[in-house]
Structures are given as C-alpha cells and as structure tokens.
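Worksheet: the structure to be examined is printed underneath.
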Protein chains: 2
Amino acid sequence: MPSEFELIERHFSRATPQATLGPGDDCALLTPTPGMSLAITTDMLVAGTHFLPDTDPGQLGWKTLAVNLSDLAAMGARPRWALLAASLPAADTAWIGAFADGLFACASHYGVDVVGGDTTRGPLNLCLTALGELPAGTALQRNHAVPGDELWVSGQPGLAALGLAQLQGRTQLPAELARRCLDALQRPMARVELGLELRRRGLAHAAIDVSDGLLADLDHILKRSGVAAEVFVAQLPPLPTGVDPLLARQCQLAGGDDYELVFSAPPDKRAEITELAAQLALPLWRFGLVVGTGDSRLRLLDADGQAQAFNERGFDHFG
Amino acid sequence: MPSEFELIERHFSRATPQATLGPGDDCALLTPTPGMSLAITTDMLVAGTHFLPDTDPGQLGWKTLAVNLSDLAAMGARPRWALLAASLPAADTAWIGAFADGLFACASHYGVDVVGGDTTRGPLNLCLTALGELPAGTALQRNHAVPGDELWVSGQPGLAALGLAQLQGRTQLPAELARRCLDALQRPMARVELGLELRRRGLAHAAIDVSDGLLADLDHILKRSGVAAEVFVAQLPPLPTGVDPLLARQCQLAGGDDYELVFSAPPDKRAEITELAAQLALPLWRFGLVVGTGDSRLRLLDADGQAQAFNERGFDHFG
C-alpha cells in the first residue's frame, strides 16, 4: 500500500525521454548537447504573494512552469528540462492531480521533461527550476542595449493585470475581454519561439520578459546596459475597449505577470522583425528608443512629444 | 537608493568564476564540461517542517546548500553550481546577511558557485537547486545493488537526531556529545569526497544519502534494486555513551538529517574500502548484507543472529 507521499510523487513522475536518468534517485542525470551553453533559472511562486490561494490548480500548474520558460525565452534558449519542488499544506490528491496535469500540459506544449523534484509539507509554495540550451556565446542578455536601438514588445502587455483587477472586483470587463484577460493571467504563454528566432536571426541586442511590469522590466535592461530610453506611449499596443483607459494604461505600463518579451534591436532590423511577427502570428510593437544616459533613465512621451508623468512602475516584492 | 529587495539580492550575488554568466539576468549561463553528465537535484527546506523557526540563520544557510550537495555526493558527482530561491517573511537584513554568510561558507568549502536565484516575500521557505558533473555512465545509482553486496555506512548516523532530541528537551546529553550532535544537526557535512572516490575507484554498486533515516533510506536502495537486506545491528557504529541506549539506537536506525552515505559494494572491495576510510579519515562501517527478496525486505539481526523488531523506520513527510 503506497503512502500518500508516494502517491503524490507518482503524479510528478512521467516519461523523461530527454533525461539520462529521471525522477527517483538522489539526482537526475542530464546529458548536455556538446557545444551548447546551459541556461538555468529558478522561480518561486508563493500563495498570497504570486497567486490567489483559491487559484485553479490546473492553471497554477501550467503557470508555474510557463513563468520559468519565459526566462529561458528571454535569453533565446530552447527549454529542455525542469525540476519542481513543492510545499503543500495538505495531501489533497485531487488538487495535486489537477496541478500535475496543468504542469505536464505546459511541459508537453513546450517539449520539456520534468526530471525531478521534491515534495514536502508546509505553506503552499511552488519552486520550479528550468533548464534550456543555446549555442555558446549567443544568449540575449539584459546588458547589451546600445543608444540608437529601438525598443519592441510582443503581444498585449497589461491583459494579465486587467484580469487580476477583474478577479479582485476592481473593474468589470466585457465578457470577451474578461476571458482574454483571465487567460493571460492564469495560463500565460512563454514566448519561446520569439526568443529562439530573435537569437537565431541575430535581431536583438538585449531582451527581458515582462514579469514585474513593462516599464519596471525595461528599466532592468536600461540599468544593466547603462543607457536611457524614450517610450512613445502612442506607439504602444492600442488599449482594449470597454475598460477605463486610465486603468488599462496603468496595467499596460506597470502590470506584472504578462510574460511578453521586451527587446532592443538596431533600426536596420526593423523589416526583419516585422516579417518575424507575421511568421509567428504574434504582434511586435516598436514603442521606444534607447538613448544615452541623461537626467532620467526613462522618459514617457505622448503623441506630441510631451513628457508624461508616471509613478507606478510596477511591482517590487519588497517595495 | 537601492530598494530593500535589491539589498537582499546583493547578499546572494558573489563572484561566480565557474559560470559563463552569473546572477542578474533572466537566466544563469553555464558551460558544461564536454563528455560529462550533469547531475541535478532540488530540495526545499520549510520552517517548522525541516527546521525550527528560530534556527540560527548562518547554520541554516550552510545546511540549505549542504543537504543538496549530499544528493550530488550520493551519485558521485562533483558539485559545481547552485541556485537559491527563498521566500522570506520579512526583509530582516541581519538575518539575511547571516544566512547568506552561512550559505557562501558552505559554497566556498565545496567549491560551488551560487549562480542565480529568486527572492520573494512569504512564509520562510528555502529551495536550493544544485548541479554537479561526473563522467557519463559512471553515476552511483540506487537501483544497482545485487545479492551478495555488503552494506556500508559512513560516519556516525543518529547524531543529528540526538541533537534534535536535545533541542526539544527529550534528552539531556553530556556537554561534549551535545556539541557534536548539534553540530551534526545544524552544520552537516556532505560526503562529497567519499562519493567521488567510491565512483572513481568503482567500489560501490549503489548509494544513497541518509536524509530520512538509515533504514528508510536503505529501503529506497532495496526497493529500487529489487533486493532485500540483513542488517547486523551489532556491526553498526558503537552507540555514544551518556545517553539512553534505546533512544540512541532509535536515532541511529531511524533518525533523519545525518547526510552520511549508505552504499552497497561487492565483498572483494572490502580492503579497498577500508583503505579509503583511512585516506579520508572517515569511518566506514560494514553493517549488512544484500540478499534476494524474501518474506521481508529488511531484517534486523542481533549479535546472535536473532531477528529484532523495529517499527519506527524514519520520517515520511506525509506519513
């Protein structure tokens, strides 16, 4: 008769064709591809901090992996392996089964093997480590933006934050928009193909994924690259209709949890980037310009070139 | 003026000569050694489940890394890199500084680079992922024990559990023994050199580290290898004096948190193993025999060959 603990472990042990040795031993064993660099990232999702405690477990399973794959995407790495450590308040096997199904749906979508992990009792906490590969010396890093680069963002940043506002009763979205926003929040897509193609085609100098908010994450690029930026608000994706435009703009600029990619690219790549957008069926918006350092690291300009104020730059877990 | 969050991140960002790219980007970048397999493990330590909430932060930092390096040791891998994800209830910079010092003391002792991680707010939870390398096809696995193998254990299993009993007021140890037991509990050593040499010299068929208890972890080897074992209680390390022998025996057989290695080896390696013990200045005790499967997977025998009863096999987090 297996223990509850063993039953749980079984939920997380599936075939791992990409691993030399999968779950069940002291370590997993992986065989890195010769000549490739290994990209590795770890993210911890805490109930009450990163998600509402009553979040659907299937969606949470998907998201736990997707947010890590997004970090791999931002470097241009191909996702290959993941490990999950989970602290669970109770051995609720229905919850755990649904969570595992969501996790493995995401793993399957992106071609990732879950090769190991750890399960223990405690306040709900999910810590995932994801590994990917890319040719040595080709990673998209945060610190390579240069003055003259144009700034781009994928998709529709802000939808996830609108979804959260809807869940928290801070807004009442039209049904179709609500569905899209909740989907963005609860089942985010990692922009893996975009990252891979930007890296392969040599289109981007610097990249980051939008987890804390568009401006906050852009600011990480600027700080690490030692540059400043002008953001042309009118060139950002059109705001959705049927929602307070002030809220929508705030969500677009400062809302977290979108997992779109922001990247900087030289102007002579503009046509190739536009072509890539069409190939991936993923809108790419050219919304700003990298400039030399000046009085402020980030200037928001309206359609007339007038500076706009914006204080709420996003979410700092210890802010 | 850096935010509290940035201050915390700085505590965990130190030189990473073994990384291609260390902390501060979306991912860390590593360059695996050609021809080597990568061993990877992740362990989550939760306040109240794995350690007392008032545990000294420096000791906790050491232990958070050491317990993961122990998993690498049990495969015979050389530790190289680690990532730390931490959920912290408050931005207590003194606590965090002491924790980081303990973590990096352990990292430095074992030659590990902490290449990345994640810091967030929430109930105290520490999730570490450790990576090591070993030549492809040489890992010590749990499932390779065969009948006729002799069973060995390093060091003095049970001391950590006695230390916990002391902390919880369940026993009153003599001062010198108390010091040793608390040290075993709070600042465990990962048996990295032992694992490396067992693997390099081809001495062991199967290995595991003692995290849940000697018999419980031995049982993982037996189950995975499809074999049974006889444990000769009289051949285990002598129990410490000055403590109730029943408690000491229970801690030795079922106490967790020791991080000694248990391994199975063919009898013709006995002399080489004894020699290795002398070279490492680490006692290695031959305490049992692997046999074919029978009525029970694990039989405890006293000095006269009489079967002994033992029910408390260790700690199952969901048991």
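Following the order of the structure tokens, chains are lettered A, B, ..., residues in each are numbered from 1, and ligands are numbered from 1.
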
- Message: List as number ranges by chain the protein and nucleic acid residues near segment 163-170 of chain B, meaning an atom at most 10 Å away when only C-alpha atoms are counted, but skip any in the same chain fewer than 4 places from it.
- Response: B: 51-52, 158-159, 177-186, 247, 251, 255-257

- Task: Please determine the contact residues of chain A with respect to chain B at a cut-off of 6 Å, counting only C-alpha atoms, and supply them as a list in words.
- Result: Phe5, Asp26, Cys27, Ala28, Leu29, Leu30, Thr31, Ser37, Leu38, Ala39, Ile40, Thr41, Thr42, Asp43, Asp71, Gly117, Asp118, Thr120, His317 and Phe318 of chain A

Using DSSP on the backbone coordinates, identify all residues within segment 35-114 of chain B classified as strand (DSSP E); present the result as an mmCIF file with N, CA and C atoms, in the first residue's frame.
```cif
data_model
loop_
_atom_site.group_PDB
_atom_site.id
_atom_site.type_symbol
_atom_site.label_atom_id
_atom_site.label_comp_id
_atom_site.auth_asym_id
_atom_site.auth_seq_id
_atom_site.Cartn_x
_atom_site.Cartn_y
_atom_site.Cartn_z
ATOM 1 N N MET B 36 30.872 15.096 -19.925
ATOM 2 C CA MET B 36 30.387 14.859 -18.568
ATOM 3 C C MET B 36 28.857 14.855 -18.549
ATOM 4 N N SER B 37 28.309 14.032 -17.649
ATOM 5 C CA SER B 37 26.877 14.111 -17.349
ATOM 6 C C SER B 37 26.658 15.165 -16.287
ATOM 7 N N LEU B 38 25.477 15.759 -16.336
ATOM 8 C CA LEU B 38 25.090 16.752 -15.351
ATOM 9 C C LEU B 38 24.181 16.056 -14.343
ATOM 10 N N ALA B 39 24.525 16.167 -13.067
ATOM 11 C CA ALA B 39 23.636 15.678 -12.001
ATOM 12 C C ALA B 39 22.965 16.884 -11.385
ATOM 13 N N ILE B 40 21.647 16.816 -11.219
ATOM 14 C CA ILE B 40 20.912 17.976 -10.707
ATOM 15 C C ILE B 40 19.887 17.522 -9.673
ATOM 16 N N THR B 41 19.753 18.300 -8.629
ATOM 17 C CA THR B 41 18.831 17.961 -7.543
ATOM 18 C C THR B 41 18.261 19.230 -6.950
ATOM 19 N N THR B 42 17.056 19.161 -6.429
ATOM 20 C CA THR B 42 16.456 20.322 -5.778
ATOM 21 C C THR B 42 15.815 19.877 -4.474
ATOM 22 N N ASP B 43 16.011 20.662 -3.420
ATOM 23 C CA ASP B 43 15.448 20.336 -2.116
ATOM 24 C C ASP B 43 14.868 21.590 -1.500
ATOM 25 N N MET B 44 13.703 21.435 -0.908
ATOM 26 C CA MET B 44 13.021 22.565 -0.297
ATOM 27 C C MET B 44 13.050 22.386 1.220
ATOM 28 N N LEU B 45 13.491 23.416 1.926
ATOM 29 C CA LEU B 45 13.518 23.402 3.398
ATOM 30 C C LEU B 45 12.480 24.395 3.914
ATOM 31 N N VAL B 46 11.540 23.886 4.666
ATOM 32 C CA VAL B 46 10.412 24.683 5.136
ATOM 33 C C VAL B 46 10.499 24.858 6.650
ATOM 34 N N ARG B 78 30.762 15.703 -8.805
ATOM 35 C CA ARG B 78 31.491 16.844 -8.243
ATOM 36 C C ARG B 78 30.584 18.067 -8.285
ATOM 37 N N PRO B 79 30.312 18.681 -7.130
ATOM 38 C CA PRO B 79 29.426 19.864 -7.089
ATOM 39 C C PRO B 79 30.066 21.038 -7.813
ATOM 40 N N ARG B 80 29.257 21.789 -8.581
ATOM 41 C CA ARG B 80 29.801 22.947 -9.297
ATOM 42 C C ARG B 80 28.963 24.206 -9.131
ATOM 43 N N TRP B 81 27.634 24.080 -9.266
ATOM 44 C CA TRP B 81 26.811 25.278 -9.279
ATOM 45 C C TRP B 81 25.572 25.103 -8.394
ATOM 46 N N ALA B 82 25.018 26.223 -7.939
ATOM 47 C CA ALA B 82 23.777 26.170 -7.169
ATOM 48 C C ALA B 82 22.938 27.410 -7.459
ATOM 49 N N LEU B 83 21.626 27.265 -7.313
ATOM 50 C CA LEU B 83 20.692 28.397 -7.372
ATOM 51 C C LEU B 83 19.832 28.348 -6.118
ATOM 52 N N LEU B 84 19.538 29.509 -5.575
ATOM 53 C CA LEU B 84 18.724 29.578 -4.364
ATOM 54 C C LEU B 84 17.461 30.387 -4.618
ATOM 55 N N ALA B 85 16.310 29.795 -4.349
ATOM 56 C CA ALA B 85 15.063 30.565 -4.299
ATOM 57 C C ALA B 85 14.626 30.623 -2.846
ATOM 58 N N ALA B 86 14.305 31.818 -2.371
ATOM 59 C CA ALA B 86 13.977 31.990 -0.961
ATOM 60 C C ALA B 86 12.708 32.810 -0.816
ATOM 61 N N SER B 87 11.799 32.318 -0.009
ATOM 62 C CA SER B 87 10.638 33.088 0.409
ATOM 63 C C SER B 87 10.876 33.497 1.852
ATOM 64 N N LEU B 88 10.798 34.802 2.113
ATOM 65 C CA LEU B 88 11.153 35.345 3.428
ATOM 66 C C LEU B 88 9.979 36.130 3.989
ATOM 67 N N ASP B 113 29.702 27.530 -7.064
ATOM 68 C CA ASP B 113 29.281 28.899 -7.373
ATOM 69 C C ASP B 113 27.762 29.018 -7.260
ATOM 70 N N VAL B 114 27.290 30.022 -6.523
ATOM 71 C CA VAL B 114 25.847 30.299 -6.481
ATOM 72 C C VAL B 114 25.538 31.243 -7.646
#
```

- Query: From the list B:Gly76, B:Gly155, B:Pro283, B:Ala277, which residue is nearest Arg200 of chain B when using only C-alpha atoms?
  - Reply: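 Of all the options, B:Gly76 lies closest to Arg200 of chain B.
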
- In segment 97-290 of chain B, what's alpha helix (DSSP H) per DSSP? Answer as a ChimeraX atom specification? /B:97-110,159-167,175-186,192-200,214-225,245-254,270-280

- Task: Quote the spacing between atom CA of Pro147 of chain A and atom CA of Gly202 of chain A in Å to one decimal place.
- Result: 17.5 Å

- Item | Surrounding residues of Gly97 of chain B excluding itself and chain neighbours under 3 positions, 10 Å, only C-alpha atoms, as a PyMOL selection string | chain B and resi 7-8+10-12+57-58+61+92-94+100-103

With all heavy atoms kept, could you save the residues just selected as a CSV table (one decimal), in the first residue's frame?
```
chain,number,residue,atom,x,y,z
B,7,LEU,N,18.9,45.2,-2.0
B,7,LEU,CA,19.9,45.0,-1.0
B,7,LEU,C,20.0,43.5,-0.7
B,7,LEU,O,21.1,42.9,-0.5
B,7,LEU,CB,19.5,45.7,0.3
B,7,LEU,CG,19.9,47.2,0.4
B,7,LEU,CD1,19.3,47.8,1.7
B,7,LEU,CD2,21.4,47.4,0.3
B,8,ILE,N,18.8,42.8,-0.6
B,8,ILE,CA,18.8,41.4,-0.4
B,8,ILE,C,19.5,40.6,-1.5
B,8,ILE,O,20.3,39.7,-1.3
B,8,ILE,CB,17.4,40.9,-0.2
B,8,ILE,CG1,16.8,41.4,1.1
B,8,ILE,CG2,17.3,39.4,-0.3
B,8,ILE,CD1,15.3,41.4,1.2
B,10,ARG,N,21.8,41.6,-3.4
B,10,ARG,CA,23.2,41.8,-3.3
B,10,ARG,C,23.9,40.7,-2.4
B,10,ARG,O,25.0,40.3,-2.6
B,10,ARG,CB,23.6,43.2,-2.8
B,10,ARG,CG,23.4,44.2,-3.9
B,10,ARG,CD,23.9,45.5,-3.4
B,10,ARG,NE,23.4,46.6,-4.3
B,10,ARG,CZ,23.4,47.9,-3.9
B,10,ARG,NH1,24.0,48.2,-2.8
B,10,ARG,NH2,22.9,48.8,-4.7
B,11,HIS,N,23.2,40.4,-1.3
B,11,HIS,CA,23.7,39.4,-0.4
B,11,HIS,C,24.0,38.1,-1.1
B,11,HIS,O,24.9,37.3,-0.7
B,11,HIS,CB,22.8,39.1,0.7
B,11,HIS,CG,22.9,40.1,1.9
B,11,HIS,ND1,24.0,40.2,2.7
B,11,HIS,CD2,22.0,41.1,2.3
B,11,HIS,CE1,23.8,41.2,3.6
B,11,HIS,NE2,22.7,41.7,3.4
B,12,PHE,N,23.2,37.8,-2.1
B,12,PHE,CA,23.4,36.5,-2.8
B,12,PHE,C,24.1,36.6,-4.1
B,12,PHE,O,24.2,35.6,-4.8
B,12,PHE,CB,22.0,35.9,-3.0
B,12,PHE,CG,21.3,35.6,-1.7
B,12,PHE,CD1,20.3,36.4,-1.2
B,12,PHE,CD2,21.7,34.5,-0.9
B,12,PHE,CE1,19.6,36.2,0.0
B,12,PHE,CE2,21.1,34.3,0.3
B,12,PHE,CZ,20.1,35.1,0.7
B,57,PRO,N,20.5,31.6,11.6
B,57,PRO,CA,20.4,31.7,10.1
B,57,PRO,C,21.7,31.3,9.4
B,57,PRO,O,21.7,30.8,8.3
B,57,PRO,CB,20.2,33.2,9.9
B,57,PRO,CG,20.5,33.9,11.2
B,57,PRO,CD,20.2,32.8,12.3
B,58,GLY,N,22.9,31.5,10.1
B,58,GLY,CA,24.1,31.1,9.5
B,58,GLY,C,24.2,29.6,9.3
B,58,GLY,O,24.6,29.1,8.2
B,61,GLY,N,21.9,28.6,6.5
B,61,GLY,CA,22.4,28.9,5.2
B,61,GLY,C,23.4,27.7,4.8
B,61,GLY,O,23.3,27.2,3.7
B,92,ASP,N,14.4,41.1,6.9
B,92,ASP,CA,15.3,41.3,8.1
B,92,ASP,C,16.7,41.1,7.6
B,92,ASP,O,17.2,40.0,7.4
B,92,ASP,CB,14.9,40.2,9.1
B,92,ASP,CG,15.8,40.1,10.3
B,92,ASP,OD1,16.9,40.7,10.2
B,92,ASP,OD2,15.4,39.5,11.3
B,93,THR,N,17.3,42.3,7.3
B,93,THR,CA,18.6,42.2,6.6
B,93,THR,C,19.7,41.5,7.5
B,93,THR,O,20.6,40.9,6.9
B,93,THR,CB,19.1,43.6,6.2
B,93,THR,OG1,19.0,44.5,7.3
B,93,THR,CG2,18.2,44.1,5.0
B,94,ALA,N,19.6,41.6,8.8
B,94,ALA,CA,20.6,41.0,9.6
B,94,ALA,C,20.5,39.5,9.4
B,94,ALA,O,21.5,38.7,9.2
B,94,ALA,CB,20.5,41.4,11.1
B,100,ALA,N,23.1,34.3,4.3
B,100,ALA,CA,24.0,34.3,3.1
B,100,ALA,C,25.4,34.0,3.5
B,100,ALA,O,26.1,33.2,2.8
B,100,ALA,CB,23.9,35.7,2.4
B,101,ASP,N,25.9,34.4,4.6
B,101,ASP,CA,27.3,34.1,5.0
B,101,ASP,C,27.4,32.6,5.2
B,101,ASP,O,28.4,32.0,4.8
B,101,ASP,CB,27.6,34.8,6.3
B,101,ASP,CG,27.9,36.3,6.1
B,101,ASP,OD1,28.1,36.7,4.9
B,101,ASP,OD2,28.0,37.1,7.0
B,102,GLY,N,26.4,32.0,5.9
B,102,GLY,CA,26.5,30.5,6.0
B,102,GLY,C,26.4,29.8,4.7
B,102,GLY,O,27.2,28.8,4.5
B,103,LEU,N,25.5,30.2,3.9
B,103,LEU,CA,25.4,29.6,2.5
B,103,LEU,C,26.7,29.7,1.8
B,103,LEU,O,27.2,28.7,1.2
B,103,LEU,CB,24.3,30.3,1.7
B,103,LEU,CG,24.0,29.8,0.3
B,103,LEU,CD1,23.1,28.6,0.4
B,103,LEU,CD2,23.3,30.9,-0.5
```
